[in-house]
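One structure below.
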Amino acid sequence: HFACDGPLFGVPHGANVLTNLPFLVIGLWGLLRLRSSGGFAARDGNRVGLWLSVALLAFGSGAYHRWLTPATLAADRACIGAILAFAVAEIVGVVHPAWKRRGVTLALLGACELSVVLWCLGATSLIYGGLQALGSLAMAWLAVRAWRGGRLSGAALRSLFLFIGFYALAKVAEVLDEPICAWTGGFAGHPLKHLLAAAGLASLLPWLGRPTETR
């Protein structure tokens, strides 16, 4: 399925498996930052869910790239969908504080996970991919609105756009999997995608790795 996908350090499909470890580190780091800043308050539910999903992605994506089965692919996509849902729910709550409710988060989470279920049942992957693109655009638009309205700091806005930028680069690396493997002589675009996505998530730590600001 992937270029340059041989074993590494005795791990089958090693590069694609091991490059998921940063997700575990970043997810746990986000949770520890929240915990050390006063515990997990109810208003921080989206942030806790986000970093927990990032940590779980290390196992979901790692399992998929190790065994390459439909079940492990579903686990991989489910974690990615959860990350998107929690991130969008958090930004919606910043723009419209009255919408910072569990029901909004559950609705977004349900929509993202439903797209994964439909894909697994044979529906087009365009539903899942479309939600990813739409979610990224929605986050950018809502964040700019929040910043212009004084509800989001410039530093938080930069963190979000860094995340979106790294995510876009990760998708480019995914598409160029084989050419990058040829250019580097052994390190393909897909493991690079993992590292770029992890860098994007790490860029959110200064903002979402701390308790929700009260205004």
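A note on labels: chains of the structure tokens are A, B, ... as shown, every chain counts residues from 1, and ligands are counted from 1 in their shown order.
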
How close does region 20-41 of chain A get to region 197-206 of chain A? List, as JSON lines, each residue of region 20-41 of chain A within 8 Å, its nearest atom pair and the distance in Å to one decimal, counting only C-alpha atoms.
{"residue": "A:Pro22", "atom": "CA", "partner": "A:Ala198", "partner_atom": "CA", "distance": 6.2}
{"residue": "A:Phe23", "atom": "CA", "partner": "A:Ala198", "partner_atom": "CA", "distance": 5.9}
{"residue": "A:Ile26", "atom": "CA", "partner": "A:Ala202", "partner_atom": "CA", "distance": 6.2}
{"residue": "A:Gly30", "atom": "CA", "partner": "A:Leu205", "partner_atom": "CA", "distance": 6.3}

Deliver the residues from the most recent selection as a file, using N, CA and C atoms, as a PDB file, in the first residue's frame.
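Below is the file that was written, out-v3.pdb:
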ATOM      1  N   PRO A  22       5.086  10.132  18.026  1.00  0.00           N
ATOM      2  CA  PRO A  22       4.907  11.536  18.454  1.00  0.00           C
ATOM      3  C   PRO A  22       3.473  11.880  18.843  1.00  0.00           C
ATOM      4  N   PHE A  23       2.480  11.214  18.250  1.00  0.00           N
ATOM      5  CA  PHE A  23       1.096  11.494  18.631  1.00  0.00           C
ATOM      6  C   PHE A  23       0.853  11.135  20.096  1.00  0.00           C
ATOM      7  N   ILE A  26       2.630  13.852  22.258  1.00  0.00           N
ATOM      8  CA  ILE A  26       1.928  15.142  22.215  1.00  0.00           C
ATOM      9  C   ILE A  26       0.592  15.053  22.939  1.00  0.00           C
ATOM     10  N   GLY A  30      -0.321  17.228  26.227  1.00  0.00           N
ATOM     11  CA  GLY A  30      -1.473  18.113  26.330  1.00  0.00           C
ATOM     12  C   GLY A  30      -2.296  17.820  27.570  1.00  0.00           C
TER      13      GLY A  30
END

### Surrounding residues of Leu192 (chain A) excluding itself and chain neighbours under 2 positions, 8 Å, only C-alpha atoms, as a PyMOL selection string
chain A and resi 19+170+173-174+187-190+194-196

Residue subset to file, keeping C-alpha atoms, as a PDB file, in the first residue's frame:
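Output file result31.pdb is given in full below:
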ATOM      1  CA  THR A  19       6.334   7.740  13.218  1.00  0.00           C
ATOM      2  CA  ALA A 170       0.959  16.518   5.575  1.00  0.00           C
ATOM      3  CA  ALA A 173       3.418  14.489   1.654  1.00  0.00           C
ATOM      4  CA  GLU A 174       0.782  11.751   1.596  1.00  0.00           C
ATOM      5  CA  PHE A 187      12.087   7.690   3.676  1.00  0.00           C
ATOM      6  CA  ALA A 188       8.691   8.016   2.031  1.00  0.00           C
ATOM      7  CA  GLY A 189       6.004  10.671   2.090  1.00  0.00           C
ATOM      8  CA  HIS A 190       3.598   8.777   4.336  1.00  0.00           C
ATOM      9  CA  HIS A 194       2.749  11.606  10.299  1.00  0.00           C
ATOM     10  CA  LEU A 195       5.576  13.850  11.474  1.00  0.00           C
ATOM     11  CA  LEU A 196       4.069  16.949   9.853  1.00  0.00           C
TER      12      LEU A 196
END

### Residues within 9 Å of Leu52 (chain A), only C-alpha atoms, excluding chain neighbours under 2 positions, as a PyMOL selection string
chain A and resi 24+27-28+30-31+47-50+54-57+83

### Message
Give me the residues near Ser61 (chain A) as a list in words, where near means some atom within 9 Å (using only C-alpha atoms) and where sequence neighbours in that chain fewer than 6 positions away do not count.
### Response
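The contact residues come out as Asn16, Val17, Asn20, Thr72, Leu73, Ala75, Asp76, Arg77 and Cys79 of chain A.
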
Listing only residues of region 57-144 of chain A within 12 Å of region 155-158 of chain A, what is the closest atom pair and its distance in Å (to one decimal) for each, using only C-alpha atoms, sorted by chain and residue number ascending, as a tab-separated table?
residue	atom	partner	partner_atom	distance
A:Ile91	CA	A:Leu157	CA	10.6
A:Val94	CA	A:Ala156	CA	11.3
A:Met139	CA	A:Leu157	CA	10.1
A:Ala140	CA	A:Leu157	CA	8.6
A:Trp141	CA	A:Leu157	CA	10.7
A:Leu142	CA	A:Leu157	CA	10.2
A:Ala143	CA	A:Leu157	CA	6.4
A:Val144	CA	A:Leu157	CA	7.3

Generate the output file for the selected residues, N, CA and C atoms, as an mmCIF file, in the first residue's frame.
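The resulting again29.cif:
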data_model
loop_
_atom_site.group_PDB
_atom_site.id
_atom_site.type_symbol
_atom_site.label_atom_id
_atom_site.label_comp_id
_atom_site.auth_asym_id
_atom_site.auth_seq_id
_atom_site.Cartn_x
_atom_site.Cartn_y
_atom_site.Cartn_z
ATOM 1 N N ILE A 91 -13.660 25.674 19.066
ATOM 2 C CA ILE A 91 -13.656 26.973 18.398
ATOM 3 C C ILE A 91 -15.073 27.525 18.291
ATOM 4 N N VAL A 94 -15.811 29.200 21.408
ATOM 5 C CA VAL A 94 -15.147 30.499 21.564
ATOM 6 C C VAL A 94 -15.937 31.589 20.850
ATOM 7 N N MET A 139 -12.832 25.903 10.906
ATOM 8 C CA MET A 139 -11.992 26.341 12.015
ATOM 9 C C MET A 139 -11.305 27.665 11.697
ATOM 10 N N ALA A 140 -10.769 27.772 10.471
ATOM 11 C CA ALA A 140 -10.085 29.007 10.080
ATOM 12 C C ALA A 140 -11.050 30.191 10.096
ATOM 13 N N TRP A 141 -12.226 30.013 9.509
ATOM 14 C CA TRP A 141 -13.211 31.097 9.441
ATOM 15 C C TRP A 141 -13.697 31.505 10.831
ATOM 16 N N LEU A 142 -14.030 30.526 11.662
ATOM 17 C CA LEU A 142 -14.512 30.825 13.006
ATOM 18 C C LEU A 142 -13.427 31.476 13.859
ATOM 19 N N ALA A 143 -12.188 31.016 13.684
ATOM 20 C CA ALA A 143 -11.095 31.583 14.468
ATOM 21 C C ALA A 143 -10.855 33.047 14.111
ATOM 22 N N VAL A 144 -10.904 33.364 12.811
ATOM 23 C CA VAL A 144 -10.738 34.761 12.406
ATOM 24 C C VAL A 144 -11.866 35.614 12.970
#

### Task
Extract the full set of helix (DSSP H, G or I) residues from region 25-210 of chain A according to DSSP on the backbone, and format it as a count of residues only.
157

### Query
Which residue gives the smallest distance to Cys112 (chain A) among A:Gly6, A:Gly81, A:Pro211, A:Arg43, with only C-alpha atoms counted?
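Using only C-alpha atoms, the shortest distance to Cys112 (chain A) belongs to A:Gly81.
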
### Query
Between A:Ala78, A:Val95, A:Asp177, A:Gly165, which has the minimum distance to Gly150 (chain A) (counting only C-alpha atoms)?
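Result for the nearest residue to Gly150 (chain A): A:Val95.
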
### Query
Which residues come within 8 Å of Leu131 (chain A), counting only C-alpha atoms, excluding same-chain residues fewer than 3 positions away, as number ranges by chain?
A: 112, 115, 127-128, 134-135

### Task
Work out how far apart CA of Gly149 (chain A) and CA of Tyr167 (chain A) are and give it in Å to one decimal.
25.8 Å

### Query
From the list A:Gly62, A:Gly45, A:Gly10, A:Gly103, which residue is nearest Phe86 (chain A) when using only C-alpha atoms?
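Closest candidate: A:Gly45.
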
### Task
Write out as a PyMOL selection string the residues lying within 10 Å of Phe9 (chain A), counting only C-alpha atoms and excluding same-chain residues fewer than 5 positions away.
chain A and resi 14-15+18

### Query
Nearest to Pro70 (chain A): which of A:Phe161, A:Thr184, A:Val117, A:Cys4 is it, counting only C-alpha atoms?
A:Val117
